[in-house]
$ cat upload.cif   # mmCIF, C-alpha atoms
data_upload
loop_
_atom_site.label_atom_id
_atom_site.label_comp_id
_atom_site.auth_asym_id
_atom_site.auth_seq_id
_atom_site.Cartn_x
_atom_site.Cartn_y
_atom_site.Cartn_z
CA MET H 1 -42.30 -4.57 -1.16
CA ASP H 2 -39.97 -6.97 -2.98
CA ARG H 3 -38.85 -4.22 -5.31
CA LEU H 4 -37.91 -1.97 -2.37
CA ILE H 5 -36.04 -4.78 -0.62
CA GLN H 6 -34.09 -5.39 -3.82
CA ARG H 7 -33.27 -1.69 -4.14
CA PHE H 8 -32.18 -1.41 -0.53
CA SER H 9 -29.94 -4.45 -0.79
CA ARG H 10 -28.00 -2.83 -3.64
CA LEU H 11 -26.74 -0.17 -1.24
CA PRO H 12 -23.24 -0.70 0.17
CA GLY H 13 -23.18 -2.56 3.48
CA ILE H 14 -26.85 -3.53 3.32
CA GLY H 15 -27.52 -7.21 2.81
CA ARG H 16 -30.81 -8.96 2.10
CA ARG H 17 -31.70 -9.20 5.80
CA SER H 18 -31.02 -5.54 6.56
CA ALA H 19 -32.99 -4.56 3.46
CA GLU H 20 -35.97 -6.55 4.71
CA ARG H 21 -35.70 -4.96 8.13
CA LEU H 22 -35.65 -1.46 6.58
CA ALA H 23 -38.64 -2.22 4.35
CA PHE H 24 -40.70 -3.62 7.23
CA TYR H 25 -39.76 -0.63 9.37
CA LEU H 26 -41.01 1.77 6.70
CA LEU H 27 -44.20 -0.28 6.34
CA LYS H 28 -44.98 0.35 10.01
CA GLN H 29 -44.33 4.13 9.83
CA PRO H 30 -46.98 6.75 8.96
CA PRO H 31 -47.06 7.47 5.20
CA GLU H 32 -45.45 10.94 5.61
CA GLU H 33 -42.33 9.32 7.03
CA ALA H 34 -41.79 7.21 3.91
CA GLU H 35 -42.67 10.11 1.62
CA GLN H 36 -40.16 12.40 3.29
CA LEU H 37 -37.40 9.82 2.93
CA ALA H 38 -38.26 9.40 -0.76
CA ALA H 39 -38.28 13.18 -1.25
CA ALA H 40 -34.90 13.56 0.48
CA ILE H 41 -33.41 10.95 -1.86
CA VAL H 42 -34.75 12.72 -4.95
CA ASP H 43 -33.59 16.12 -3.63
CA LEU H 44 -30.11 14.78 -2.97
CA LYS H 45 -29.63 14.01 -6.64
CA ARG H 46 -31.40 17.13 -7.82
CA GLY H 47 -29.71 19.58 -5.43
CA THR H 48 -26.15 18.29 -5.48
CA HIS H 49 -23.62 19.28 -8.13
CA HIS H 50 -19.89 19.31 -8.44
CA CYS H 51 -18.22 22.60 -7.53
CA SER H 52 -17.01 24.23 -10.75
CA ILE H 53 -13.67 25.05 -9.10
CA CYS H 54 -12.68 22.06 -6.95
CA PHE H 55 -15.25 19.39 -8.01
CA ASN H 56 -16.36 18.79 -4.42
CA LEU H 57 -20.03 17.82 -4.06
CA THR H 58 -22.03 20.89 -3.15
CA GLU H 59 -25.51 22.40 -3.20
CA SER H 60 -24.14 25.86 -4.06
CA ASP H 61 -21.53 26.80 -6.64
CA PRO H 62 -18.73 27.58 -5.84
CA CYS H 63 -18.80 25.21 -2.86
CA PRO H 64 -18.67 26.58 0.72
CA ILE H 65 -14.92 25.86 0.95
CA CYS H 66 -14.00 27.60 -2.33
CA SER H 67 -16.11 30.63 -1.39
CA ASP H 68 -14.84 30.89 2.20
CA PRO H 69 -12.66 34.03 2.46
CA GLN H 70 -10.98 32.56 5.57
CA ARG H 71 -9.36 29.81 3.50
CA ASP H 72 -6.13 30.12 1.57
CA PRO H 73 -6.86 29.53 -2.15
CA THR H 74 -3.15 29.45 -3.03
CA VAL H 75 -2.60 26.02 -1.48
CA ILE H 76 -4.45 23.07 -3.04
CA LEU H 77 -4.80 19.62 -1.48
CA VAL H 78 -5.54 17.12 -4.25
CA VAL H 79 -7.75 14.22 -3.13
CA GLU H 80 -9.29 11.25 -4.88
CA GLN H 81 -12.90 11.49 -3.71
CA PRO H 82 -15.29 13.90 -1.96
CA SER H 83 -15.21 11.45 0.98
CA ASP H 84 -11.44 12.04 1.31
CA LEU H 85 -12.05 15.77 1.38
CA ALA H 86 -14.53 15.21 4.20
CA THR H 87 -11.92 13.10 6.03
CA PHE H 88 -9.32 15.88 5.86
CA GLU H 89 -11.91 18.51 6.83
CA SER H 90 -12.78 16.48 9.91
CA THR H 91 -9.23 16.97 11.23
CA GLY H 92 -9.71 20.76 11.26
CA MET H 93 -5.98 20.99 10.49
CA TYR H 94 -6.14 22.21 6.91
CA ARG H 95 -7.05 25.79 5.90
CA GLY H 96 -6.32 25.74 2.16
CA ALA H 97 -8.41 24.73 -0.86
CA TYR H 98 -8.99 21.31 -2.45
CA HIS H 99 -9.16 19.65 -5.83
CA VAL H 100 -11.17 16.44 -6.14
CA LEU H 101 -9.95 14.11 -8.91
CA MET H 102 -13.07 11.90 -8.72
CA GLY H 103 -11.00 8.73 -8.73
CA ARG H 104 -7.45 7.55 -9.24
CA LEU H 105 -5.53 6.24 -12.21
CA SER H 106 -6.29 2.56 -12.63
CA PRO H 107 -5.24 1.25 -16.05
CA LEU H 108 -6.68 -2.22 -15.32
CA ASP H 109 -10.12 -0.71 -14.74
CA GLY H 110 -9.77 1.55 -17.76
CA VAL H 111 -9.37 4.73 -15.71
CA GLY H 112 -6.86 6.95 -17.50
CA PRO H 113 -5.96 10.63 -16.98
CA GLY H 114 -8.89 11.66 -19.21
CA GLU H 115 -11.41 10.13 -16.79
CA LEU H 116 -10.16 12.25 -13.86
CA ASN H 117 -10.27 16.00 -13.20
CA ILE H 118 -6.56 16.36 -13.95
CA GLU H 119 -6.73 18.78 -16.89
CA ALA H 120 -8.91 21.06 -14.75
CA LEU H 121 -6.25 21.01 -12.00
CA LEU H 122 -3.49 21.96 -14.44
CA ARG H 123 -5.66 24.73 -15.88
CA ARG H 124 -6.40 25.97 -12.36
CA VAL H 125 -2.68 26.21 -11.55
CA ARG H 126 -1.83 27.79 -14.95
CA ASP H 127 -4.65 30.34 -14.85
CA SER H 128 -3.82 31.39 -11.29
CA ALA H 129 -0.30 32.44 -12.38
CA ALA H 130 -1.79 35.53 -14.09
CA SER H 131 -2.64 37.18 -10.76
CA PRO H 132 0.24 37.55 -8.27
CA GLU H 133 -2.01 37.49 -5.20
CA HIS H 134 -3.99 34.41 -6.25
CA ARG H 135 -1.04 32.50 -7.69
CA ILE H 136 -1.19 28.91 -6.46
CA ARG H 137 1.93 28.41 -4.31
CA GLU H 138 1.68 24.75 -3.43
CA VAL H 139 -0.08 21.61 -4.60
CA ILE H 140 -0.24 18.90 -1.91
CA LEU H 141 -0.75 15.39 -3.28
CA GLY H 142 -3.25 13.75 -0.93
CA THR H 143 -3.95 10.54 -2.83
CA HIS H 144 -4.14 7.31 -0.81
CA PRO H 145 -0.83 5.66 0.19
CA THR H 146 -1.66 2.70 -2.06
CA LEU H 147 -0.22 1.45 -5.35
CA GLU H 148 -2.83 3.25 -7.46
CA GLY H 149 -2.79 6.36 -5.28
CA ASP H 150 1.00 6.56 -5.58
CA GLY H 151 0.77 6.02 -9.34
CA THR H 152 -1.69 8.88 -9.61
CA ALA H 153 0.58 11.11 -7.49
CA LEU H 154 3.54 10.28 -9.74
CA TYR H 155 1.57 11.18 -12.86
CA LEU H 156 0.43 14.46 -11.30
CA THR H 157 4.01 15.30 -10.28
CA GLU H 158 5.15 14.91 -13.88
CA GLN H 159 2.28 17.01 -15.20
CA LEU H 160 2.77 19.76 -12.62
CA ALA H 161 6.58 19.98 -12.98
CA PRO H 162 6.57 22.25 -16.07
CA LEU H 163 4.23 24.69 -14.32
CA GLY H 164 6.85 25.58 -11.72
CA VAL H 165 4.48 25.15 -8.76
CA LYS H 166 5.79 23.65 -5.51
CA VAL H 167 4.55 20.06 -5.19
CA THR H 168 4.48 18.26 -1.83
CA ARG H 169 3.03 15.01 -0.63
CA LEU H 170 1.60 13.94 2.71
CA ALA H 171 4.16 12.54 5.14
CA ARG H 172 4.61 8.79 5.01
CA GLY H 173 5.72 6.68 7.98
CA LEU H 174 4.58 5.39 11.34
CA PRO H 175 0.96 6.21 12.17
CA VAL H 176 0.89 8.05 15.51
CA GLY H 177 -0.55 6.01 18.34
CA SER H 178 0.23 2.60 16.91
CA THR H 179 2.72 0.16 18.37
CA LEU H 180 5.54 -1.13 16.19
CA ASP H 181 4.46 -4.78 16.24
CA MET H 182 1.15 -3.84 14.58
CA LEU H 183 2.88 -2.38 11.50
CA SER H 184 3.82 -4.02 8.21
CA LYS H 185 7.37 -4.33 6.93
CA ALA H 186 6.58 -1.79 4.23
CA VAL H 187 5.57 0.81 6.82
CA LEU H 188 8.68 0.18 8.93
CA SER H 189 10.95 0.34 5.86
CA ASP H 190 9.34 3.64 4.87
CA ALA H 191 9.86 4.97 8.39
CA ILE H 192 13.56 4.01 8.44
CA GLN H 193 14.26 5.37 4.97
CA GLY H 194 12.30 8.58 5.53
CA ARG H 195 13.75 9.34 8.96
CA GLN H 196 13.95 13.02 9.83
CA PRO H 197 16.48 15.05 11.78
CA VAL H 198 15.14 15.90 15.23
CA PRO H 199 14.85 19.68 15.53
CA MET V 1 -2.00 -30.11 37.57
CA ASP V 2 -3.65 -27.07 39.16
CA ARG V 3 -0.26 -25.51 39.77
CA LEU V 4 0.71 -25.88 36.09
CA ILE V 5 -2.62 -24.44 34.93
CA GLN V 6 -2.05 -21.47 37.21
CA ARG V 7 1.48 -20.98 35.85
CA PHE V 8 0.37 -21.24 32.23
CA SER V 9 -2.44 -18.73 32.72
CA ARG V 10 0.07 -16.13 33.92
CA LEU V 11 1.61 -16.07 30.43
CA PRO V 12 0.50 -13.23 28.13
CA GLY V 13 -2.48 -14.11 25.93
CA ILE V 14 -3.21 -17.37 27.75
CA GLY V 15 -6.40 -17.42 29.76
CA ARG V 16 -7.67 -20.05 32.19
CA ARG V 17 -9.25 -22.14 29.39
CA SER V 18 -6.15 -22.16 27.19
CA ALA V 19 -4.02 -23.01 30.20
CA GLU V 20 -6.24 -26.03 30.94
CA ARG V 21 -6.03 -27.12 27.30
CA LEU V 22 -2.23 -26.93 27.38
CA ALA V 23 -2.01 -28.84 30.63
CA PHE V 24 -4.30 -31.62 29.41
CA TYR V 25 -2.36 -31.81 26.15
CA LEU V 26 0.92 -32.32 28.06
CA LEU V 27 -0.74 -34.94 30.23
CA LYS V 28 -1.49 -37.02 27.12
CA GLN V 29 2.05 -36.76 25.71
CA PRO V 30 4.91 -39.18 26.46
CA PRO V 31 6.95 -38.04 29.49
CA GLU V 32 9.99 -37.06 27.32
CA GLU V 33 7.86 -34.45 25.56
CA ALA V 34 7.06 -32.65 28.80
CA GLU V 35 10.62 -33.00 30.06
CA GLN V 36 12.05 -31.48 26.91
CA LEU V 37 9.70 -28.51 27.15
CA ALA V 38 10.71 -28.00 30.78
CA ALA V 39 14.40 -28.26 29.85
CA ALA V 40 14.00 -25.73 27.00
CA ILE V 41 12.39 -23.28 29.42
CA VAL V 42 15.23 -23.64 31.91
CA ASP V 43 17.87 -23.37 29.15
CA LEU V 44 16.25 -20.22 27.83
CA LYS V 45 16.86 -18.44 31.09
CA ARG V 46 20.27 -19.99 31.62
CA GLY V 47 21.64 -19.44 28.12
CA THR V 48 20.29 -15.98 27.35
CA HIS V 49 21.98 -12.80 28.44
CA HIS V 50 21.91 -9.18 27.46
CA CYS V 51 24.56 -8.12 24.96
CA SER V 52 27.11 -5.99 26.81
CA ILE V 53 27.10 -3.45 23.95
CA CYS V 54 23.49 -3.09 22.75
CA PHE V 55 21.52 -4.99 25.47
CA ASN V 56 19.81 -7.22 22.91
CA LEU V 57 19.01 -10.73 24.17
CA THR V 58 21.72 -13.08 23.00
CA GLU V 59 23.36 -16.42 23.72
CA SER V 60 26.80 -15.05 22.82
CA ASP V 61 28.42 -11.77 23.87
CA PRO V 62 28.69 -9.46 21.96
CA CYS V 63 25.48 -10.41 20.18
CA PRO V 64 25.53 -11.58 16.53
CA ILE V 65 24.53 -8.09 15.31
CA CYS V 66 27.20 -6.21 17.29
CA SER V 67 29.86 -8.69 16.14
CA ASP V 68 28.80 -8.72 12.47
CA PRO V 69 31.53 -6.94 10.42
CA GLN V 70 28.98 -6.34 7.64
CA ARG V 71 27.01 -3.96 9.83
CA ASP V 72 27.72 -0.28 10.32
CA PRO V 73 28.47 0.32 14.03
CA THR V 74 28.44 4.11 13.56
CA VAL V 75 24.65 4.29 13.20
CA ILE V 76 22.54 3.25 16.19
CA LEU V 77 18.81 2.57 16.12
CA VAL V 78 17.45 2.97 19.66
CA VAL V 79 14.50 0.67 20.42
CA GLU V 80 12.41 -0.01 23.50
CA GLN V 81 12.48 -3.81 23.60
CA PRO V 82 14.31 -6.78 22.06
CA SER V 83 11.03 -7.58 20.27
CA ASP V 84 11.19 -4.18 18.52
CA LEU V 85 14.73 -4.98 17.40
CA ALA V 86 13.40 -8.25 15.94
CA THR V 87 10.61 -6.30 14.18
CA PHE V 88 13.11 -3.96 12.51
CA GLU V 89 15.42 -6.86 11.62
CA SER V 90 12.53 -8.63 9.90
CA THR V 91 12.30 -5.76 7.38
CA GLY V 92 15.87 -6.43 6.23
CA MET V 93 16.10 -2.67 5.58
CA TYR V 94 18.48 -1.67 8.34
CA ARG V 95 22.23 -2.39 8.32
CA GLY V 96 23.40 -0.42 11.35
CA ALA V 97 23.63 -1.30 15.06
CA TYR V 98 21.01 -1.11 17.82
CA HIS V 99 20.61 -0.03 21.41
CA VAL V 100 17.84 -1.64 23.47
CA LEU V 101 16.51 0.58 26.28
CA MET V 102 14.58 -2.27 27.92
CA GLY V 103 11.46 -0.16 28.32
CA ARG V 104 10.29 3.39 27.96
CA LEU V 105 9.94 6.28 30.36
CA SER V 106 6.69 5.91 32.25
CA PRO V 107 6.52 8.13 35.33
CA LEU V 108 3.12 6.73 36.36
CA ASP V 109 4.57 3.22 36.50
CA GLY V 110 7.69 4.45 38.26
CA VAL V 111 9.97 3.95 35.24
CA GLY V 112 12.48 6.81 35.19
CA PRO V 113 15.70 7.26 33.20
CA GLY V 114 17.63 5.21 35.77
CA GLU V 115 15.52 2.11 35.02
CA LEU V 116 16.45 2.16 31.32
CA ASN V 117 19.75 1.64 29.50
CA ILE V 118 20.10 5.35 28.78
CA GLU V 119 23.36 6.06 30.59
CA ALA V 120 24.93 3.17 28.66
CA LEU V 121 23.78 4.72 25.37
CA LEU V 122 25.30 8.09 26.25
CA ARG V 123 28.54 6.40 27.29
CA ARG V 124 28.57 4.43 24.06
CA VAL V 125 28.27 7.64 22.01
CA ARG V 126 30.83 9.50 24.15
CA ASP V 127 33.39 6.68 24.15
CA SER V 128 33.12 6.21 20.38
CA ALA V 129 34.22 9.80 19.79
CA ALA V 130 37.80 8.82 20.73
CA SER V 131 38.30 6.81 17.54
CA PRO V 132 37.59 8.64 14.26
CA GLU V 133 36.63 5.49 12.35
CA HIS V 134 34.24 4.15 15.00
CA ARG V 135 32.75 7.52 15.91
CA ILE V 136 28.95 7.15 16.11
CA ARG V 137 27.57 9.37 13.34
CA GLU V 138 23.85 9.04 13.90
CA VAL V 139 21.41 7.96 16.58
CA ILE V 140 17.97 7.03 15.21
CA LEU V 141 15.17 7.22 17.79
CA GLY V 142 13.00 4.18 17.12
CA THR V 143 10.68 4.33 20.13
CA HIS V 144 6.98 3.64 19.54
CA PRO V 145 4.87 6.50 18.11
CA THR V 146 2.90 6.66 21.36
CA LEU V 147 2.76 9.18 24.17
CA GLU V 148 5.33 7.36 26.30
CA GLY V 149 7.51 6.49 23.30
CA ASP V 150 7.55 10.13 22.23
CA GLY V 151 8.32 11.23 25.79
CA THR V 152 11.27 8.86 25.88
CA ALA V 153 12.49 10.14 22.49
CA LEU V 154 12.27 13.73 23.75
CA TYR V 155 14.31 12.88 26.85
CA LEU V 156 16.94 11.11 24.73
CA THR V 157 17.14 14.08 22.35
CA GLU V 158 17.90 16.39 25.27
CA GLN V 159 20.52 14.03 26.67
CA LEU V 160 22.20 13.47 23.29
CA ALA V 161 22.27 17.15 22.26
CA PRO V 162 25.45 18.09 24.20
CA LEU V 163 27.31 15.14 22.62
CA GLY V 164 27.07 16.66 19.13
CA VAL V 165 25.83 13.45 17.49
CA LYS V 166 23.24 13.67 14.71
CA VAL V 167 19.84 12.59 16.07
CA THR V 168 17.01 11.47 13.76
CA ARG V 169 13.64 9.89 14.32
CA LEU V 170 11.60 7.48 12.24
CA ALA V 171 9.29 9.12 9.73
CA ARG V 172 5.76 9.79 10.96
CA GLY V 173 2.71 9.93 8.71
CA LEU V 174 0.44 7.78 6.59
CA PRO V 175 1.18 4.06 6.81
CA VAL V 176 1.77 2.75 3.27
CA GLY V 177 -1.00 0.54 1.98
CA SER V 178 -3.77 1.96 4.14
CA THR V 179 -6.73 3.92 2.85
CA LEU V 180 -7.40 7.38 4.24
CA ASP V 181 -10.77 6.57 5.79
CA MET V 182 -9.09 3.98 8.07
CA LEU V 183 -6.80 6.56 9.68
CA SER V 184 -7.28 8.65 12.80
CA LYS V 185 -7.39 12.44 12.82
CA ALA V 186 -4.03 12.49 14.61
CA VAL V 187 -2.41 10.51 11.78
CA LEU V 188 -3.93 12.73 9.10
CA SER V 189 -2.90 15.90 10.96
CA ASP V 190 0.66 14.56 11.25
CA ALA V 191 0.68 13.76 7.53
CA ILE V 192 -0.50 17.25 6.56
CA GLN V 193 1.91 19.04 8.88
CA GLY V 194 4.86 16.84 7.99
CA ARG V 195 4.32 16.96 4.22
CA GLN V 196 7.46 16.64 2.14
CA PRO V 197 8.55 18.24 -1.13
CA VAL V 198 8.26 15.77 -3.99
CA PRO V 199 11.73 15.19 -5.40
#

$ encode --input "upload.cif" --output "structure tokens"
Amino acid sequence: MDRLIQRFSRLPGIGRRSAERLAFYLLKQPPEEAEQLAAAIVDLKRGTHHCSICFNLTESDPCPICSDPQRDPTVILVVEQPSDLATFESTGMYRGAYHVLMGRLSPLDGVGPGELNIEALLRRVRDSAASPEHRIREVILGTHPTLEGDGTALYLTEQLAPLGVKVTRLARGLPVGSTLDMLSKAVLSDAIQGRQPVP
Amino acid sequence: MDRLIQRFSRLPGIGRRSAERLAFYLLKQPPEEAEQLAAAIVDLKRGTHHCSICFNLTESDPCPICSDPQRDPTVILVVEQPSDLATFESTGMYRGAYHVLMGRLSPLDGVGPGELNIEALLRRVRDSAASPEHRIREVILGTHPTLEGDGTALYLTEQLAPLGVKVTRLARGLPVGSTLDMLSKAVLSDAIQGRQPVP
């Protein structure tokens, strides 16, 4: 019991009290319930791999997005984590492919370009140039609008420049639906500097 | 006492309990303290007017911004309220002039174009055209990124179009410093659709 409580409390967002509650709940359930949870946890690790094309987490390879003929494989949205990919997918707005870096550059934490799936991205762009119809037309930098995310985007821009592919980044500015008094000076400055002609 | 508590609790963000606390606090202070507060409130209303050029709240006319020779009077940032003007000023990023609408279009609340300082804005742009050096070059729409703010911006765009002035709006997209999982689908969709080429 203690061992399970300890294990549960290592999970993000679960403190000692929640861990106890979970353990006691399982104790009250029929044995199959607990066994099925345990089996699902083991299966998760056994059945899930990284997609060999975009590095998304997937049970099949290539992942469902990379193998979907409805999606445009010539536009790539580069994201930091599989969870970011899921966030963009939830909008339903994007119909291209992805590339998951599995992190962001963070020199202080010892994360350099070699720790991320950057070389694979460059190779993907380079290799695609051989076939006119699959040639990657655009790489969208979808890293977080934070210091480290921006640093990663800058590094990618430099690496992608010699390949002649169009590089874009997500729009930066006022978040729709907010009121101006809720926003930081940095956001407002960005919005003033990046102002766009009204069509 | 009851009358003061009632008056205090009409102020924004002050409930019945806070109003009581304020009233009891004043009761304990020396009489001069309460008199000076009362005088400051009266002075506020007596001494503050709208600037005859930009409609900002000011004690002098024209307001300090409109009469500052360091500022560029040929660029106008249109805002909804004096508090928005203060928000933009606090960034220190903007060196042009302002125009305060004193609200936004809100048909459901009975606020139409006639209730806002829109005609004065159009006149300001039109009249400036007479003098080449003071000709207004750009109108930046700085309404809130909300439904009503966007509606107001759309109306202004239509009204300004025949005057031949350049109309821009604040950039819309990811707010700097946020992480992607904190953002709404609408913000992410905006950021994807409005993506910009990396220079």

$ interface_residues --input "upload.cif" --of "chain V" --to "chain H" --cutoff "7 Å" --atoms "all atoms listed in the file" --output "VMD selection string"
chain V and resid 84 87 91 93 144 to 146 167 to 181 185 to 187 189 191 to 192 194 to 198

$ write_last_selection --input "upload.cif" --atoms "C-alpha atoms" --output "CSV table (one decimal), in the frame of the given file"
chain,number,residue,atom,x,y,z
V,84,ASP,CA,11.2,-4.2,18.5
V,87,THR,CA,10.6,-6.3,14.2
V,91,THR,CA,12.3,-5.8,7.4
V,93,MET,CA,16.1,-2.7,5.6
V,144,HIS,CA,7.0,3.6,19.5
V,145,PRO,CA,4.9,6.5,18.1
V,146,THR,CA,2.9,6.7,21.4
V,167,VAL,CA,19.8,12.6,16.1
V,168,THR,CA,17.0,11.5,13.8
V,169,ARG,CA,13.6,9.9,14.3
V,170,LEU,CA,11.6,7.5,12.2
V,171,ALA,CA,9.3,9.1,9.7
V,172,ARG,CA,5.8,9.8,11.0
V,173,GLY,CA,2.7,9.9,8.7
V,174,LEU,CA,0.4,7.8,6.6
V,175,PRO,CA,1.2,4.1,6.8
V,176,VAL,CA,1.8,2.8,3.3
V,177,GLY,CA,-1.0,0.5,2.0
V,178,SER,CA,-3.8,2.0,4.1
V,179,THR,CA,-6.7,3.9,2.8
V,180,LEU,CA,-7.4,7.4,4.2
V,181,ASP,CA,-10.8,6.6,5.8
V,185,LYS,CA,-7.4,12.4,12.8
V,186,ALA,CA,-4.0,12.5,14.6
V,187,VAL,CA,-2.4,10.5,11.8
V,189,SER,CA,-2.9,15.9,11.0
V,191,ALA,CA,0.7,13.8,7.5
V,192,ILE,CA,-0.5,17.2,6.6
V,194,GLY,CA,4.9,16.8,8.0
V,195,ARG,CA,4.3,17.0,4.2
V,196,GLN,CA,7.5,16.6,2.1
V,197,PRO,CA,8.6,18.2,-1.1
V,198,VAL,CA,8.3,15.8,-4.0

$ atom_distance --input "upload.cif" --atom1 "atom CA of Arg16 of chain V" --atom2 "atom CA of Gln29 of chain V"
20.4 Å

$ atom_distance --input "upload.cif" --atom1 "atom CA of Thr152 of chain V" --atom2 "atom CA of Pro132 of chain V"
28.8 Å

$ atom_distance --input "upload.cif" --atom1 "atom CA of Asp72 of chain H" --atom2 "atom CA of Leu122 of chain H"
18.2 Å

$ residues_around --input "upload.cif" --residues "Gly47 of chain V" --least-positions-apart "4" --cutoff "9 Å" --atoms "only C-alpha atoms" --output "ChimeraX atom specification"
/V:42-43,58-60

$ closest_residue --input "upload.cif" --among "H:Val111, H:Cys66, H:Val125, H:Ala120" --to "Ala97 of chain H" --atoms "only C-alpha atoms"
H:Cys66

$ residues_near_point --input "upload.cif" --point "(-4.9, 16.8, -15.4)" --cutoff "9 Å" --atoms "only C-alpha atoms" --output "list in words"
Leu101, Pro113, Gly114, Leu116, Asn117, Ile118, Glu119, Ala120, Leu121, Leu122, Arg123, Tyr155, Leu156, Gln159 and Leu160 of chain H

$ residues_around --input "upload.cif" --residues "Glu20 of chain V" --least-positions-apart "2" --cutoff "9 Å" --atoms "only C-alpha atoms" --output "PyMOL selection string"
chain V and resi 1-2+4-6+8-9+15-18+22-25

$ write_last_selection --input "upload.cif" --atoms "C-alpha atoms" --output "JSON list (two decimals), in the frame of the given file"
[["chain", "number", "residue", "atom", "x", "y", "z"],
["V", 1, "MET", "CA", -2.00, -30.11, 37.57],
["V", 2, "ASP", "CA", -3.65, -27.07, 39.16],
["V", 4, "LEU", "CA", 0.71, -25.88, 36.09],
["V", 5, "ILE", "CA", -2.62, -24.44, 34.93],
["V", 6, "GLN", "CA", -2.05, -21.47, 37.21],
["V", 8, "PHE", "CA", 0.37, -21.24, 32.23],
["V", 9, "SER", "CA", -2.44, -18.73, 32.72],
["V", 15, "GLY", "CA", -6.40, -17.42, 29.76],
["V", 16, "ARG", "CA", -7.67, -20.05, 32.19],
["V", 17, "ARG", "CA", -9.25, -22.14, 29.39],
["V", 18, "SER", "CA", -6.15, -22.16, 27.19],
["V", 22, "LEU", "CA", -2.23, -26.93, 27.38],
["V", 23, "ALA", "CA", -2.01, -28.84, 30.63],
["V", 24, "PHE", "CA", -4.30, -31.62, 29.41],
["V", 25, "TYR", "CA", -2.36, -31.81, 26.15]]

$ resolve_selection --input "upload.cif" --expression "the PyMOL selection byres ((chain V and resi 128) around 12)" --output "ChimeraX atom specification"
/V:53,73-76,121-127,129-138,163,165

$ closest_residue --input "upload.cif" --among "V:Lys45, V:His50, V:Arg3, V:Arg21" --to "Gln81 of chain V" --atoms "all atoms listed in the file"
V:His50

$ build_atoms --input "upload.cif" --residues "segment 134-138 of chain H" --atoms "all heavy atoms" --output "tab-separated table (two decimals), in the coordinates of the input"
chain	number	residue	atom	x	y	z
H	134	HIS	N	-3.27	35.68	-6.26
H	134	HIS	CA	-3.99	34.41	-6.25
H	134	HIS	C	-3.15	33.26	-6.79
H	134	HIS	O	-3.64	32.15	-6.93
H	134	HIS	CB	-5.29	34.52	-7.06
H	134	HIS	CG	-6.27	35.49	-6.47
H	134	HIS	ND1	-6.61	36.67	-7.09
H	134	HIS	CD2	-6.94	35.46	-5.29
H	134	HIS	CE1	-7.46	37.33	-6.33
H	134	HIS	NE2	-7.68	36.62	-5.23
H	135	ARG	N	-1.91	33.53	-7.12
H	135	ARG	CA	-1.04	32.50	-7.69
H	135	ARG	C	-0.96	31.29	-6.76
H	135	ARG	O	-0.64	31.44	-5.57
H	135	ARG	CB	0.37	33.07	-7.90
H	135	ARG	CG	1.07	32.52	-9.14
H	135	ARG	CD	2.51	32.99	-9.21
H	135	ARG	NE	3.38	31.85	-8.95
H	135	ARG	CZ	4.03	31.65	-7.82
H	135	ARG	NH1	3.97	32.51	-6.84
H	135	ARG	NH2	4.78	30.55	-7.69
H	136	ILE	N	-1.24	30.12	-7.29
H	136	ILE	CA	-1.19	28.91	-6.46
H	136	ILE	C	0.26	28.61	-6.11
H	136	ILE	O	1.10	28.46	-7.00
H	136	ILE	CB	-1.88	27.73	-7.17
H	136	ILE	CG1	-3.39	28.01	-7.20
H	136	ILE	CG2	-1.59	26.41	-6.48
H	136	ILE	CD1	-4.18	27.12	-8.13
H	137	ARG	N	0.55	28.55	-4.79
H	137	ARG	CA	1.93	28.41	-4.31
H	137	ARG	C	2.33	26.96	-4.13
H	137	ARG	O	3.49	26.60	-4.20
H	137	ARG	CB	2.08	29.11	-2.95
H	137	ARG	CG	1.94	30.61	-2.99
H	137	ARG	CD	2.11	31.18	-1.60
H	137	ARG	NE	1.03	30.80	-0.69
H	137	ARG	CZ	1.19	30.17	0.47
H	137	ARG	NH1	2.39	29.85	0.90
H	137	ARG	NH2	0.15	29.87	1.23
H	138	GLU	N	1.33	26.13	-3.80
H	138	GLU	CA	1.68	24.75	-3.43
H	138	GLU	C	0.53	23.81	-3.78
H	138	GLU	O	-0.63	24.12	-3.53
H	138	GLU	CB	1.95	24.68	-1.91
H	138	GLU	CG	2.31	23.30	-1.42
H	138	GLU	CD	2.60	23.25	0.08
H	138	GLU	OE1	2.58	24.31	0.74
H	138	GLU	OE2	2.84	22.13	0.59
